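Novice: Sharing model_13.csv below, CSV, C-alpha atoms:
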```csv
chain,number,residue,atom,x,y,z
A,72,MET,CA,-2.5,13.4,-45.6
A,73,SER,CA,1.1,12.2,-45.7
A,74,VAL,CA,3.2,12.4,-48.8
A,75,ILE,CA,3.6,8.6,-49.1
A,76,LEU,CA,-0.2,7.9,-48.8
A,77,PHE,CA,-1.1,10.7,-51.3
A,78,THR,CA,1.5,9.4,-53.8
A,79,SER,CA,0.5,5.8,-53.4
A,80,LEU,CA,-3.2,6.5,-53.9
A,81,LEU,CA,-2.5,8.7,-56.9
A,82,PHE,CA,-0.2,6.1,-58.4
A,83,GLY,CA,-2.7,3.3,-57.9
A,84,THR,CA,-5.6,5.3,-59.4
A,85,SER,CA,-3.4,6.3,-62.3
A,86,ILE,CA,-2.5,2.6,-63.1
A,87,LEU,CA,-6.2,1.8,-63.2
A,88,ALA,CA,-6.9,4.9,-65.4
A,89,GLY,CA,-4.1,4.0,-67.8
A,90,LEU,CA,-5.2,0.3,-68.0
A,91,LEU,CA,-8.8,1.2,-68.7
A,92,GLY,CA,-7.7,3.9,-71.2
A,93,ALA,CA,-5.6,1.5,-73.1
A,94,LEU,CA,-8.2,-1.4,-73.1
A,95,THR,CA,-11.0,0.9,-74.4
A,96,GLY,CA,-8.9,3.1,-76.6
A,97,LEU,CA,-10.2,6.3,-74.9
A,98,GLY,CA,-6.8,7.1,-73.2
A,99,GLY,CA,-6.0,7.7,-69.6
A,100,GLY,CA,-6.6,11.5,-69.5
A,101,VAL,CA,-10.4,11.4,-69.7
A,102,VAL,CA,-10.6,9.5,-66.4
A,103,ILE,CA,-7.7,10.9,-64.4
A,104,VAL,CA,-8.8,14.5,-64.6
A,105,PRO,CA,-12.3,14.0,-63.2
A,106,VAL,CA,-11.0,11.5,-60.6
A,107,LEU,CA,-8.3,14.0,-59.4
A,108,ALA,CA,-10.8,16.9,-59.3
A,109,LEU,CA,-13.8,15.0,-57.8
A,110,LEU,CA,-12.2,12.4,-55.5
A,111,PHE,CA,-8.9,13.9,-54.6
A,112,LYS,CA,-10.2,17.5,-54.5
A,113,VAL,CA,-7.2,18.7,-56.5
A,114,ASP,CA,-7.6,22.0,-58.3
A,115,ILE,CA,-8.5,21.2,-61.9
A,116,ARG,CA,-5.5,23.1,-63.3
A,117,TYR,CA,-3.1,20.7,-61.5
A,118,ALA,CA,-5.2,17.8,-62.7
A,119,ILE,CA,-5.0,19.0,-66.3
A,120,GLY,CA,-1.2,19.6,-66.1
A,121,ALA,CA,-0.6,16.1,-64.7
A,122,SER,CA,-2.9,14.5,-67.2
A,123,LEU,CA,-1.3,16.2,-70.2
A,124,VAL,CA,2.2,14.9,-69.4
A,125,SER,CA,0.7,11.4,-69.0
A,126,VAL,CA,-1.0,11.8,-72.4
A,127,ILE,CA,2.4,12.4,-74.0
A,128,ALA,CA,3.9,9.4,-72.3
A,129,THR,CA,1.1,6.9,-73.4
A,130,SER,CA,0.8,8.2,-76.9
A,131,SER,CA,4.5,8.0,-77.5
A,132,GLY,CA,4.6,4.6,-75.9
A,133,ALA,CA,1.7,3.2,-77.9
A,134,ALA,CA,3.0,4.8,-81.1
A,135,VAL,CA,6.0,2.4,-80.9
A,136,ALA,CA,3.7,-0.6,-81.3
A,137,TYR,CA,1.6,1.1,-84.0
A,138,VAL,CA,4.5,2.3,-86.0
A,139,ARG,CA,5.9,-1.2,-86.3
A,140,GLU,CA,2.7,-2.2,-88.2
A,141,GLY,CA,3.4,0.7,-90.6
A,142,LEU,CA,-0.2,1.8,-90.8
A,143,SER,CA,0.1,5.4,-89.6
A,144,ASN,CA,0.3,7.9,-92.4
A,145,ILE,CA,3.1,10.3,-91.6
A,146,ARG,CA,2.1,12.9,-94.2
A,147,ILE,CA,-1.6,13.0,-93.1
A,148,GLY,CA,-0.4,13.2,-89.5
A,149,MET,CA,2.1,16.0,-90.1
A,150,PHE,CA,-0.4,18.0,-92.2
A,151,LEU,CA,-3.1,17.7,-89.6
A,152,GLU,CA,-0.7,18.5,-86.8
A,153,VAL,CA,-0.5,22.1,-88.1
A,154,ALA,CA,-4.2,22.3,-87.1
A,155,THR,CA,-4.0,20.5,-83.8
A,156,THR,CA,-0.9,22.3,-82.5
A,157,LEU,CA,-2.4,25.7,-83.4
A,158,GLY,CA,-5.6,24.6,-81.6
A,159,ALA,CA,-3.5,23.4,-78.7
A,160,LEU,CA,-1.9,26.9,-78.3
A,161,LEU,CA,-5.4,28.5,-78.3
A,162,GLY,CA,-6.6,25.9,-75.8
A,163,ALA,CA,-3.7,26.5,-73.4
A,164,TYR,CA,-4.4,30.2,-73.5
A,165,LEU,CA,-8.2,29.6,-72.8
A,166,THR,CA,-7.4,27.5,-69.8
A,167,ALA,CA,-5.9,30.6,-68.1
A,168,ARG,CA,-8.9,32.8,-69.1
A,169,MET,CA,-11.7,30.4,-68.3
A,170,SER,CA,-13.0,29.9,-64.8
A,171,SER,CA,-12.6,26.3,-63.4
A,172,HIS,CA,-16.4,26.0,-63.4
A,173,TRP,CA,-16.6,26.4,-67.1
A,174,ILE,CA,-13.6,24.1,-67.7
A,175,ALA,CA,-15.4,21.4,-65.6
A,176,ILE,CA,-18.6,21.9,-67.7
A,177,VAL,CA,-16.8,21.6,-71.0
A,178,PHE,CA,-14.9,18.6,-69.7
A,179,GLY,CA,-18.2,17.0,-68.7
A,180,ILE,CA,-19.6,17.5,-72.2
A,181,VAL,CA,-16.4,16.0,-73.8
A,182,LEU,CA,-16.7,13.0,-71.5
A,183,LEU,CA,-20.3,12.4,-72.5
A,184,TYR,CA,-19.4,12.6,-76.2
A,185,SER,CA,-16.4,10.2,-75.7
A,186,ALA,CA,-18.7,7.7,-73.9
A,187,PHE,CA,-21.3,8.0,-76.7
A,188,ALA,CA,-18.7,7.5,-79.4
A,189,SER,CA,-17.2,4.5,-77.6
A,190,LEU,CA,-20.6,2.8,-76.9
A,191,HIS,CA,-22.0,3.6,-80.3
A,192,GLY,CA,-19.1,1.9,-82.1
A,193,ARG,CA,-17.5,2.9,-85.4
A,194,LYS,CA,-19.0,2.3,-88.8
A,195,GLN,CA,-16.6,2.1,-91.7
A,196,GLU,CA,-17.5,4.8,-94.3
A,197,PRO,CA,-17.2,3.6,-97.9
A,198,LEU,CA,-13.7,4.5,-99.1
A,199,ALA,CA,-13.3,6.9,-102.0
A,200,THR,CA,-11.9,5.5,-105.2
A,201,GLU,CA,-10.1,8.6,-106.4
A,202,ALA,CA,-8.3,11.5,-104.9
A,203,SER,CA,-9.6,15.1,-104.9
A,204,PRO,CA,-7.2,17.6,-106.5
A,205,LEU,CA,-6.4,18.9,-103.0
A,206,ALA,CA,-5.6,15.4,-101.6
A,207,GLU,CA,-3.4,14.8,-104.7
A,208,LYS,CA,-1.6,18.0,-104.2
A,209,LEU,CA,-1.0,17.5,-100.5
A,210,LYS,CA,-0.2,13.7,-101.0
A,211,LEU,CA,-2.9,12.7,-98.5
A,212,THR,CA,-3.2,9.2,-99.9
A,213,GLY,CA,-1.7,5.8,-98.9
A,214,CYS,CA,-2.0,2.1,-98.9
A,215,TYR,CA,-3.1,-0.4,-96.3
A,216,PRO,CA,-3.2,-4.2,-96.1
A,217,ASP,CA,-6.6,-5.8,-96.6
A,218,PRO,CA,-7.7,-9.4,-96.8
A,219,THR,CA,-8.0,-8.9,-100.6
A,220,GLY,CA,-4.5,-7.4,-100.8
A,221,GLU,CA,-3.1,-3.8,-100.7
A,222,LYS,CA,-5.8,-1.2,-100.9
A,223,ARG,CA,-5.3,2.5,-101.8
A,224,TYR,CA,-7.1,5.2,-99.9
A,225,PHE,CA,-7.6,8.9,-100.4
A,226,ALA,CA,-8.4,11.6,-97.9
A,227,GLN,CA,-11.7,13.4,-98.6
A,228,ARG,CA,-13.1,16.8,-97.4
A,229,ILE,CA,-9.7,18.0,-96.3
A,230,PRO,CA,-10.8,21.5,-95.1
A,231,LEU,CA,-13.5,20.0,-92.9
A,232,GLY,CA,-11.1,17.5,-91.4
A,233,PHE,CA,-8.5,20.2,-90.8
A,234,GLY,CA,-11.2,22.4,-89.1
A,235,ILE,CA,-12.3,19.6,-86.8
A,236,MET,CA,-8.7,18.8,-86.0
A,237,PHE,CA,-8.2,22.5,-84.9
A,238,GLY,CA,-11.1,21.9,-82.5
A,239,ALA,CA,-9.6,18.7,-81.3
A,240,GLY,CA,-6.3,20.5,-80.6
A,241,THR,CA,-8.2,23.3,-78.7
A,242,LEU,CA,-9.9,20.8,-76.5
A,243,SER,CA,-6.7,19.0,-75.9
A,244,GLY,CA,-4.9,22.2,-74.8
A,245,LEU,CA,-7.9,23.3,-72.7
A,246,LEU,CA,-8.6,20.1,-70.9
A,247,GLY,CA,-5.2,18.3,-70.9
A,248,ILE,CA,-6.5,15.3,-72.7
A,249,GLY,CA,-5.6,13.5,-76.0
A,250,SER,CA,-9.1,14.1,-77.4
A,251,GLY,CA,-8.6,11.0,-79.5
A,252,ALA,CA,-12.4,10.6,-79.9
A,253,VAL,CA,-12.6,14.0,-81.7
A,254,LYS,CA,-9.5,13.2,-83.8
A,255,VAL,CA,-11.0,9.9,-84.9
A,256,LEU,CA,-14.2,11.7,-85.8
A,257,ALA,CA,-12.4,14.0,-88.1
A,258,MET,CA,-10.5,11.2,-89.8
A,259,ASP,CA,-13.3,8.6,-89.9
A,260,HIS,CA,-16.2,10.7,-90.9
A,261,ALA,CA,-14.9,13.9,-92.5
A,262,MET,CA,-11.9,12.5,-94.3
A,263,LYS,CA,-13.2,8.9,-94.7
A,264,LEU,CA,-9.9,7.2,-93.9
A,265,PRO,CA,-9.8,3.5,-93.1
A,266,PHE,CA,-10.2,2.7,-89.4
A,267,LYS,CA,-6.8,1.4,-88.8
A,268,VAL,CA,-5.1,4.3,-90.5
A,269,SER,CA,-7.1,6.9,-88.5
A,270,THR,CA,-6.6,5.1,-85.2
A,271,THR,CA,-2.8,4.9,-85.6
A,272,THR,CA,-2.4,8.3,-87.1
A,273,SER,CA,-4.5,9.9,-84.4
A,274,ASN,CA,-2.4,8.3,-81.7
A,275,PHE,CA,0.7,9.5,-83.5
A,276,MET,CA,-0.6,13.1,-83.4
A,277,ILE,CA,-1.7,13.1,-79.8
A,278,GLY,CA,1.9,13.4,-78.4
A,279,VAL,CA,2.8,16.3,-80.7
A,280,THR,CA,-0.5,18.1,-80.0
A,281,ALA,CA,0.0,17.7,-76.2
A,282,ALA,CA,3.6,19.0,-76.4
A,283,ALA,CA,2.3,22.2,-78.0
A,284,SER,CA,0.4,23.1,-74.9
A,285,ALA,CA,2.8,21.5,-72.4
A,286,GLY,CA,5.3,24.4,-72.8
A,287,ILE,CA,2.6,26.9,-71.9
A,288,TYR,CA,1.4,24.7,-69.0
A,289,LEU,CA,4.9,24.5,-67.6
A,290,ALA,CA,5.4,28.3,-67.8
A,291,ARG,CA,2.1,28.9,-66.0
A,292,GLY,CA,2.9,26.5,-63.2
A,293,TYR,CA,0.2,23.9,-63.9
A,294,ILE,CA,2.7,21.0,-63.8
A,295,ASP,CA,3.3,20.2,-60.1
A,296,PRO,CA,6.0,17.5,-59.6
A,297,MET,CA,4.2,16.1,-56.6
A,298,ILE,CA,1.1,15.3,-58.6
A,299,ALA,CA,2.5,14.8,-62.1
A,300,MET,CA,5.1,12.2,-60.9
A,301,PRO,CA,2.7,9.5,-59.7
A,302,VAL,CA,0.2,10.2,-62.4
A,303,MET,CA,2.7,10.0,-65.3
A,304,LEU,CA,4.3,6.9,-64.0
A,305,GLY,CA,1.0,5.2,-63.1
A,306,VAL,CA,-0.8,6.0,-66.3
A,307,LEU,CA,2.2,4.8,-68.3
A,308,ALA,CA,2.5,1.6,-66.4
A,309,GLY,CA,-1.2,1.0,-66.7
A,310,ALA,CA,-1.1,1.6,-70.5
A,311,VAL,CA,1.8,-0.7,-71.0
A,312,LEU,CA,0.0,-3.4,-69.0
A,313,GLY,CA,-3.2,-2.7,-70.9
A,314,THR,CA,-1.7,-3.2,-74.4
A,315,ARG,CA,-0.1,-6.5,-73.2
A,316,ILE,CA,-3.4,-8.0,-72.1
A,317,LEU,CA,-5.5,-6.4,-74.8
A,318,VAL,CA,-5.5,-9.5,-76.9
A,319,LYS,CA,-6.7,-11.7,-74.0
A,320,VAL,CA,-9.7,-10.0,-72.7
A,321,ASN,CA,-13.2,-9.4,-74.0
A,322,THR,CA,-13.2,-5.6,-74.7
A,323,ALA,CA,-16.9,-5.4,-75.6
A,324,THR,CA,-18.1,-5.9,-72.0
A,325,LEU,CA,-15.3,-3.7,-70.7
A,326,LYS,CA,-16.2,-0.9,-73.1
A,327,THR,CA,-19.8,-0.9,-72.0
A,328,ILE,CA,-18.8,-0.8,-68.2
A,329,PHE,CA,-16.2,1.9,-68.8
A,330,GLY,CA,-18.6,3.9,-71.0
A,331,LEU,CA,-21.1,4.0,-68.2
A,332,VAL,CA,-18.4,5.1,-65.7
A,333,ILE,CA,-17.5,7.9,-68.1
A,334,ILE,CA,-21.1,9.0,-68.4
A,335,VAL,CA,-21.4,9.2,-64.6
A,336,LEU,CA,-18.2,11.2,-64.4
A,337,GLY,CA,-19.4,13.4,-67.2
A,338,PHE,CA,-22.7,14.3,-65.5
A,339,GLU,CA,-20.8,14.8,-62.2
A,340,MET,CA,-18.3,17.2,-63.8
A,341,ILE,CA,-21.1,19.2,-65.4
A,342,TYR,CA,-23.0,19.3,-62.1
A,343,SER,CA,-19.9,20.2,-60.0
A,344,GLY,CA,-19.0,23.0,-62.5
A,345,TRP,CA,-22.5,24.3,-62.6
A,346,SER,CA,-23.0,24.4,-58.8
A,347,GLY,CA,-19.6,25.9,-58.3
A,348,ARG,CA,-18.0,23.0,-56.4
A,349,ILE,CA,-15.1,22.8,-58.9
B,217,MET,CA,22.6,9.6,-100.0
B,218,THR,CA,19.7,7.2,-100.7
B,219,LYS,CA,16.2,8.3,-100.2
B,220,PRO,CA,14.6,6.5,-97.2
B,221,THR,CA,11.3,4.8,-97.9
B,222,ASN,CA,8.3,5.8,-95.8
B,223,LYS,CA,8.5,2.6,-93.9
B,224,GLU,CA,12.1,3.3,-92.8
B,225,LEU,CA,11.1,6.7,-91.7
B,226,ASP,CA,8.5,5.1,-89.5
B,227,CYS,CA,10.7,2.6,-87.8
B,228,SER,CA,13.6,5.0,-87.0
B,229,THR,CA,11.1,7.2,-85.2
B,230,ALA,CA,9.7,4.3,-83.1
B,231,LYS,CA,13.1,3.6,-81.6
B,232,MET,CA,13.5,7.3,-80.8
B,233,LEU,CA,10.1,7.5,-79.1
B,234,LYS,CA,10.8,4.4,-77.0
B,235,ALA,CA,14.2,5.8,-75.9
B,236,GLY,CA,12.7,9.2,-75.0
B,237,VAL,CA,9.8,7.8,-73.0
B,238,THR,CA,12.0,5.3,-71.1
B,239,MET,CA,14.6,7.9,-70.3
B,240,ALA,CA,11.9,10.4,-69.1
B,241,ALA,CA,10.3,7.7,-66.9
B,242,VAL,CA,13.6,6.7,-65.3
B,243,VAL,CA,14.4,10.3,-64.4
B,244,VAL,CA,10.9,11.0,-63.1
B,245,PHE,CA,11.1,7.8,-61.0
B,246,ALA,CA,14.5,8.7,-59.6
B,247,GLY,CA,13.2,12.2,-58.7
B,248,GLY,CA,10.2,10.5,-57.2
B,249,LEU,CA,12.3,8.3,-54.9
B,250,LEU,CA,14.1,11.4,-53.7
B,251,LEU,CA,10.8,13.2,-53.2
B,252,LEU,CA,9.7,10.5,-50.9
B,253,ARG,CA,12.8,10.7,-48.6
B,254,HIS,CA,10.6,12.0,-45.8
B,255,PRO,CA,7.5,9.9,-46.5
B,256,PHE,CA,5.4,11.0,-43.5
B,257,ILE,CA,5.4,14.8,-43.8
B,258,GLY,CA,2.0,16.2,-44.9
B,259,ILE,CA,1.3,17.3,-48.4
B,260,PRO,CA,0.7,20.9,-49.2
B,261,GLY,CA,-2.9,21.8,-50.0
B,262,TYR,CA,-3.8,21.3,-53.7
B,263,SER,CA,-7.5,22.3,-53.5
B,264,HIS,CA,-6.7,25.9,-54.5
B,265,PHE,CA,-4.4,26.7,-57.4
B,266,HIS,CA,-1.1,28.4,-56.7
B,267,PRO,CA,1.4,28.2,-59.6
B,268,VAL,CA,4.4,26.0,-58.7
B,269,ASP,CA,7.6,27.8,-57.7
B,270,ARG,CA,9.1,30.0,-60.3
B,271,SER,CA,12.3,27.9,-60.4
B,272,LEU,CA,10.2,24.9,-61.4
B,273,ARG,CA,8.5,26.7,-64.3
B,274,SER,CA,11.3,27.5,-66.7
B,275,ILE,CA,13.7,25.3,-68.6
B,276,ALA,CA,16.7,27.2,-67.2
B,277,GLY,CA,15.4,27.1,-63.6
B,278,ILE,CA,14.6,23.4,-63.7
B,279,THR,CA,17.9,22.5,-65.2
B,280,TYR,CA,19.8,24.6,-62.7
B,281,ALA,CA,17.9,23.1,-59.7
B,282,ALA,CA,18.1,19.6,-61.0
B,283,LEU,CA,21.9,19.8,-61.3
B,284,HIS,CA,21.8,20.8,-57.6
B,285,LEU,CA,19.8,17.6,-57.0
B,286,ASP,CA,16.5,19.3,-55.9
B,287,PRO,CA,14.1,16.3,-56.1
B,288,ARG,CA,11.2,18.3,-57.4
B,289,ALA,CA,13.4,19.8,-60.2
B,290,ILE,CA,14.6,16.3,-61.1
B,291,VAL,CA,11.0,15.2,-61.6
B,292,GLN,CA,10.3,18.3,-63.7
B,293,PHE,CA,13.5,17.6,-65.7
B,294,GLY,CA,12.2,14.1,-66.5
B,295,LEU,CA,8.9,15.7,-67.6
B,296,MET,CA,10.8,18.1,-69.8
B,297,LEU,CA,12.5,15.1,-71.5
B,298,LEU,CA,9.1,13.7,-72.1
B,299,ILE,CA,7.8,16.9,-73.6
B,300,ALA,CA,10.9,17.0,-75.8
B,301,THR,CA,10.2,13.5,-77.3
B,302,PRO,CA,7.4,14.5,-79.7
B,303,VAL,CA,9.5,17.6,-80.6
B,304,ALA,CA,12.4,15.3,-81.5
B,305,ARG,CA,10.0,13.2,-83.6
B,306,VAL,CA,9.0,16.2,-85.6
B,307,ILE,CA,12.6,17.1,-86.2
B,308,PHE,CA,13.2,13.5,-87.2
B,309,CYS,CA,10.4,13.6,-89.7
B,310,LEU,CA,11.6,16.9,-91.1
B,311,TYR,CA,15.0,15.3,-91.6
B,312,GLY,CA,13.3,12.4,-93.4
B,313,PHE,CA,11.4,14.8,-95.7
B,314,ILE,CA,14.6,16.7,-96.4
B,315,ARG,CA,16.2,13.4,-97.5
B,316,GLN,CA,13.2,12.6,-99.6
B,317,GLN,CA,13.5,16.1,-101.1
B,318,ASP,CA,9.7,16.6,-100.5
B,319,LYS,CA,9.6,20.4,-100.5
B,320,LEU,CA,5.9,20.7,-99.5
B,321,TYR,CA,6.4,18.5,-96.4
B,322,ILE,CA,9.6,20.2,-95.5
B,323,VAL,CA,7.6,23.4,-95.2
B,324,ILE,CA,4.7,21.7,-93.3
B,325,SER,CA,6.9,20.0,-90.8
B,326,SER,CA,8.9,23.2,-90.3
B,327,LEU,CA,5.7,25.0,-89.5
B,328,VAL,CA,4.7,22.4,-86.8
B,329,LEU,CA,8.2,22.6,-85.4
B,330,ILE,CA,8.0,26.4,-85.2
B,331,ILE,CA,4.7,26.2,-83.3
B,332,LEU,CA,6.2,23.7,-80.8
B,333,LEU,CA,9.3,25.8,-80.3
B,334,TYR,CA,7.1,28.9,-79.8
B,335,SER,CA,5.2,27.0,-77.0
B,336,LEU,CA,8.4,25.8,-75.4
B,337,SER,CA,9.9,29.3,-75.5
B,338,LYS,CA,7.1,30.4,-73.2
B,339,GLY,CA,8.7,28.1,-70.6
B,340,ALA,CA,12.2,29.1,-71.5
B,341,HIS,CA,12.6,32.0,-69.1
```
Would you encode the structure as structure tokens?
Specialist:
Amino acid sequence: MSVILFTSLLFGTSILAGLLGALTGLGGGVVIVPVLALLFKVDIRYAIGASLVSVIATSSGAAVAYVREGLSNIRIGMFLEVATTLGALLGAYLTARMSSHWIAIVFGIVLLYSAFASLHGRKQEPLATEASPLAEKLKLTGCYPDPTGEKRYFAQRIPLGFGIMFGAGTLSGLLGIGSGAVKVLAMDHAMKLPFKVSTTTSNFMIGVTAAASAGIYLARGYIDPMIAMPVMLGVLAGAVLGTRILVKVNTATLKTIFGLVIIVLGFEMIYSGWSGRI
Amino acid sequence: MTKPTNKELDCSTAKMLKAGVTMAAVVVFAGGLLLLRHPFIGIPGYSHFHPVDRSLRSIAGITYAALHLDPRAIVQFGLMLLIATPVARVIFCLYGFIRQQDKLYIVISSLVLIILLYSLSKGAH
């Protein structure tokens, strides 16, 4: 294949991945890695390296829009980043130790979980009315605008949330994805934060988490310019486009279609890893 | 020195993030154009993993080769700028916490910064 054809195909696919990732809130990484590995027959380590840099680009890009709304909680984000960055270091080390078969299988499982979480929808947990001593001490509280006025919220079950975040960081470092679905799980269900706060704070953390494994990926030679260039530019362009048209399209139908695509990719990754084709 | 409110802390990081991502994308794009100077040569095989050249794996190597206008190193340099953006954000927040004199969060954000610098030091040589 010629360089120009390879680059154009990768660029086009990445635009689509970034677009779908932004419209459904799942991020571009969960699509681009299986597509690169299954369709383009690129070794999964190159795919993971390219995906990780595109994750940094989209999360920092999207954070600009979120930050303006002032909903992300910098203290909660910074506190949990201790867990996600430590996890990301562990994940990046595991990538070198694990065979690509196992990486593909774990990837498939995460895809299935992400699809399930996206199709299932989110249910707002009742917010706590007072802070636990630990939340008070760590200042893990905040305010968010509500139809009835400013509402205060308090983070609950902090050790559990911190633990799940460590797991989210490990998956991010192992698979080169943002693992937003797991981060949201920790903040929605374990820490019982309001939706909008956990979505924006999770996005804010994704870039820092990814940067923690990117240094190790770079040193190990996973980031190949020939692959990372079209993927990073494509996913970023797709994500920017996606956030622009987000208000105009019906995301419910799109979410269902995309969810089904992810399920197919998930089973395909597990099968490919199991049968040794990846 | 006035203490910044949390909201101000937020907004100053937004500008920085935007600048970082834009700059990185421009550099990667420029390197990409140079990479495609000979558009019809074949691509190397990517189906088996061989780590990229040693000179494209370290901060010093990438910077050196990028200054000599090696297209692949220019792309890597752009990606390095991208990786540096979240690190700069943590430094920015640390500075904000220092100005707010929030001792606990000065410690927490320093910890995150140390972890990030540890990872980047792996790619330093």
Novice: Measuring between all atoms listed in the file, which one of A:Ala323, A:Ala128, A:Leu110, A:Ile119 shows the shortest distance to chain B?
Specialist: A:Ala128
Novice: Need to verify the contact set: Arg146 (chain A), 10 Å, all atoms listed in the file, exclusion of same-chain residues closer than 2 positions in sequence. Can you return it as a list in words?
Specialist: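 So the residues in contact are Ser143, Asn144, Gly148, Met149, Phe150, Leu151, Glu152, Leu209, Lys210, Leu211, Thr212, Gly213 and Thr272 of chain A; Asn222, Cys309, Phe313, Tyr321, Ile324 and Ser325 of chain B.
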Novice: Generate a file of the selected residues that holds C-alpha atoms, formatted as a CSV table (one decimal), in the coordinates of the input.
Specialist:
```csv
chain,number,residue,atom,x,y,z
A,143,SER,CA,0.1,5.4,-89.6
A,144,ASN,CA,0.3,7.9,-92.4
A,148,GLY,CA,-0.4,13.2,-89.5
A,149,MET,CA,2.1,16.0,-90.1
A,150,PHE,CA,-0.4,18.0,-92.2
A,151,LEU,CA,-3.1,17.7,-89.6
A,152,GLU,CA,-0.7,18.5,-86.8
A,209,LEU,CA,-1.0,17.5,-100.5
A,210,LYS,CA,-0.2,13.7,-101.0
A,211,LEU,CA,-2.9,12.7,-98.5
A,212,THR,CA,-3.2,9.2,-99.9
A,213,GLY,CA,-1.7,5.8,-98.9
A,272,THR,CA,-2.4,8.3,-87.1
B,222,ASN,CA,8.3,5.8,-95.8
B,309,CYS,CA,10.4,13.6,-89.7
B,313,PHE,CA,11.4,14.8,-95.7
B,321,TYR,CA,6.4,18.5,-96.4
B,324,ILE,CA,4.7,21.7,-93.3
B,325,SER,CA,6.9,20.0,-90.8
```
Novice: Could you name the residues that touch Gly330 (chain A) at 8 Å or less, counting only C-alpha atoms, but leaving out those on the same chain fewer than 3 positions away, as a PDB file with C-alpha atoms, in the coordinates of the input?
Specialist:
```
ATOM      1  CA  ALA A 186     -18.700   7.700 -73.900  1.00  0.00           C
ATOM      2  CA  PHE A 187     -21.300   8.000 -76.700  1.00  0.00           C
ATOM      3  CA  SER A 189     -17.200   4.500 -77.600  1.00  0.00           C
ATOM      4  CA  LEU A 190     -20.600   2.800 -76.900  1.00  0.00           C
ATOM      5  CA  LYS A 326     -16.200  -0.900 -73.100  1.00  0.00           C
ATOM      6  CA  THR A 327     -19.800  -0.900 -72.000  1.00  0.00           C
ATOM      7  CA  ILE A 333     -17.500   7.900 -68.100  1.00  0.00           C
ATOM      8  CA  ILE A 334     -21.100   9.000 -68.400  1.00  0.00           C
TER       9      ILE A 334
END
```
Novice: Find the distance between CA of Met258 (chain A) and CA of Phe329 (chain A) and write it in Å to one decimal.
Specialist: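 Computing it gives 23.7 Å between the two atoms.
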Novice: Counting only C-alpha atoms, figure out which residue out of A:Ala202, A:Leu336, A:Ala175, A:Ile298 gets nearest to Gly261 (chain B).
Specialist: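 The answer is A:Ile298, which sits nearest to Gly261 (chain B).
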Novice: Go through chain A residue by residue and, counting only C-alpha atoms, keep those with an atom at most 8 Å from chain B; for each kept residue give the shortest atom pair and its distance in Å to one decimal, ordered by chain and increasing number, as a Markdown table.
Specialist:
```
| residue | atom | partner | partner_atom | distance |
| --- | --- | --- | --- | --- |
| A:Met72 | CA | B:Gly258 | CA | 5.3 |
| A:Ser73 | CA | B:Gly258 | CA | 4.2 |
| A:Val74 | CA | B:Ile259 | CA | 5.3 |
| A:Ile75 | CA | B:Pro255 | CA | 4.9 |
| A:Phe77 | CA | B:Ile259 | CA | 7.6 |
| A:Lys112 | CA | B:Ser263 | CA | 5.6 |
| A:Val113 | CA | B:Ser263 | CA | 4.7 |
| A:Asp114 | CA | B:Ser263 | CA | 4.8 |
| A:Arg116 | CA | B:Phe265 | CA | 7.0 |
| A:Tyr117 | CA | B:Phe265 | CA | 7.4 |
| A:Val124 | CA | B:Leu295 | CA | 7.0 |
| A:Ile127 | CA | B:Ile299 | CA | 7.0 |
| A:Ala128 | CA | B:Val237 | CA | 6.2 |
| A:Ser131 | CA | B:Leu233 | CA | 5.8 |
| A:Gly132 | CA | B:Lys234 | CA | 6.3 |
| A:Ala134 | CA | B:Ala230 | CA | 7.0 |
| A:Val135 | CA | B:Ala230 | CA | 4.7 |
| A:Ala136 | CA | B:Ala230 | CA | 8.0 |
| A:Val138 | CA | B:Asp226 | CA | 6.0 |
| A:Arg139 | CA | B:Cys227 | CA | 6.3 |
| A:Gly141 | CA | B:Lys223 | CA | 6.4 |
| A:Ile145 | CA | B:Asp226 | CA | 7.8 |
| A:Arg146 | CA | B:Tyr321 | CA | 7.4 |
| A:Met149 | CA | B:Ser325 | CA | 6.3 |
| A:Phe150 | CA | B:Ile324 | CA | 6.4 |
| A:Glu152 | CA | B:Val328 | CA | 6.7 |
| A:Val153 | CA | B:Val328 | CA | 5.4 |
| A:Thr156 | CA | B:Ile331 | CA | 6.9 |
| A:Leu157 | CA | B:Ile331 | CA | 7.1 |
| A:Leu160 | CA | B:Ser335 | CA | 7.2 |
| A:Leu209 | CA | B:Leu320 | CA | 7.7 |
| A:Gly278 | CA | B:Pro302 | CA | 5.8 |
| A:Val279 | CA | B:Pro302 | CA | 5.0 |
| A:Ala282 | CA | B:Ile299 | CA | 5.5 |
| A:Ala283 | CA | B:Leu332 | CA | 5.0 |
| A:Ser284 | CA | B:Ser335 | CA | 6.5 |
| A:Ala285 | CA | B:Ile299 | CA | 6.9 |
| A:Gly286 | CA | B:Leu336 | CA | 4.3 |
| A:Ile287 | CA | B:Ser335 | CA | 5.7 |
| A:Leu289 | CA | B:Arg273 | CA | 5.4 |
| A:Ala290 | CA | B:Gly339 | CA | 4.3 |
| A:Arg291 | CA | B:Pro267 | CA | 6.5 |
| A:Gly292 | CA | B:Pro267 | CA | 4.3 |
| A:Tyr293 | CA | B:Pro267 | CA | 6.2 |
| A:Ile294 | CA | B:Val268 | CA | 7.3 |
| A:Asp295 | CA | B:Val268 | CA | 6.1 |
| A:Pro296 | CA | B:Arg288 | CA | 5.7 |
| A:Met297 | CA | B:Arg288 | CA | 7.4 |
| A:Met300 | CA | B:Val244 | CA | 6.3 |
| A:Pro301 | CA | B:Gly248 | CA | 8.0 |
| A:Leu304 | CA | B:Ala241 | CA | 6.7 |
```
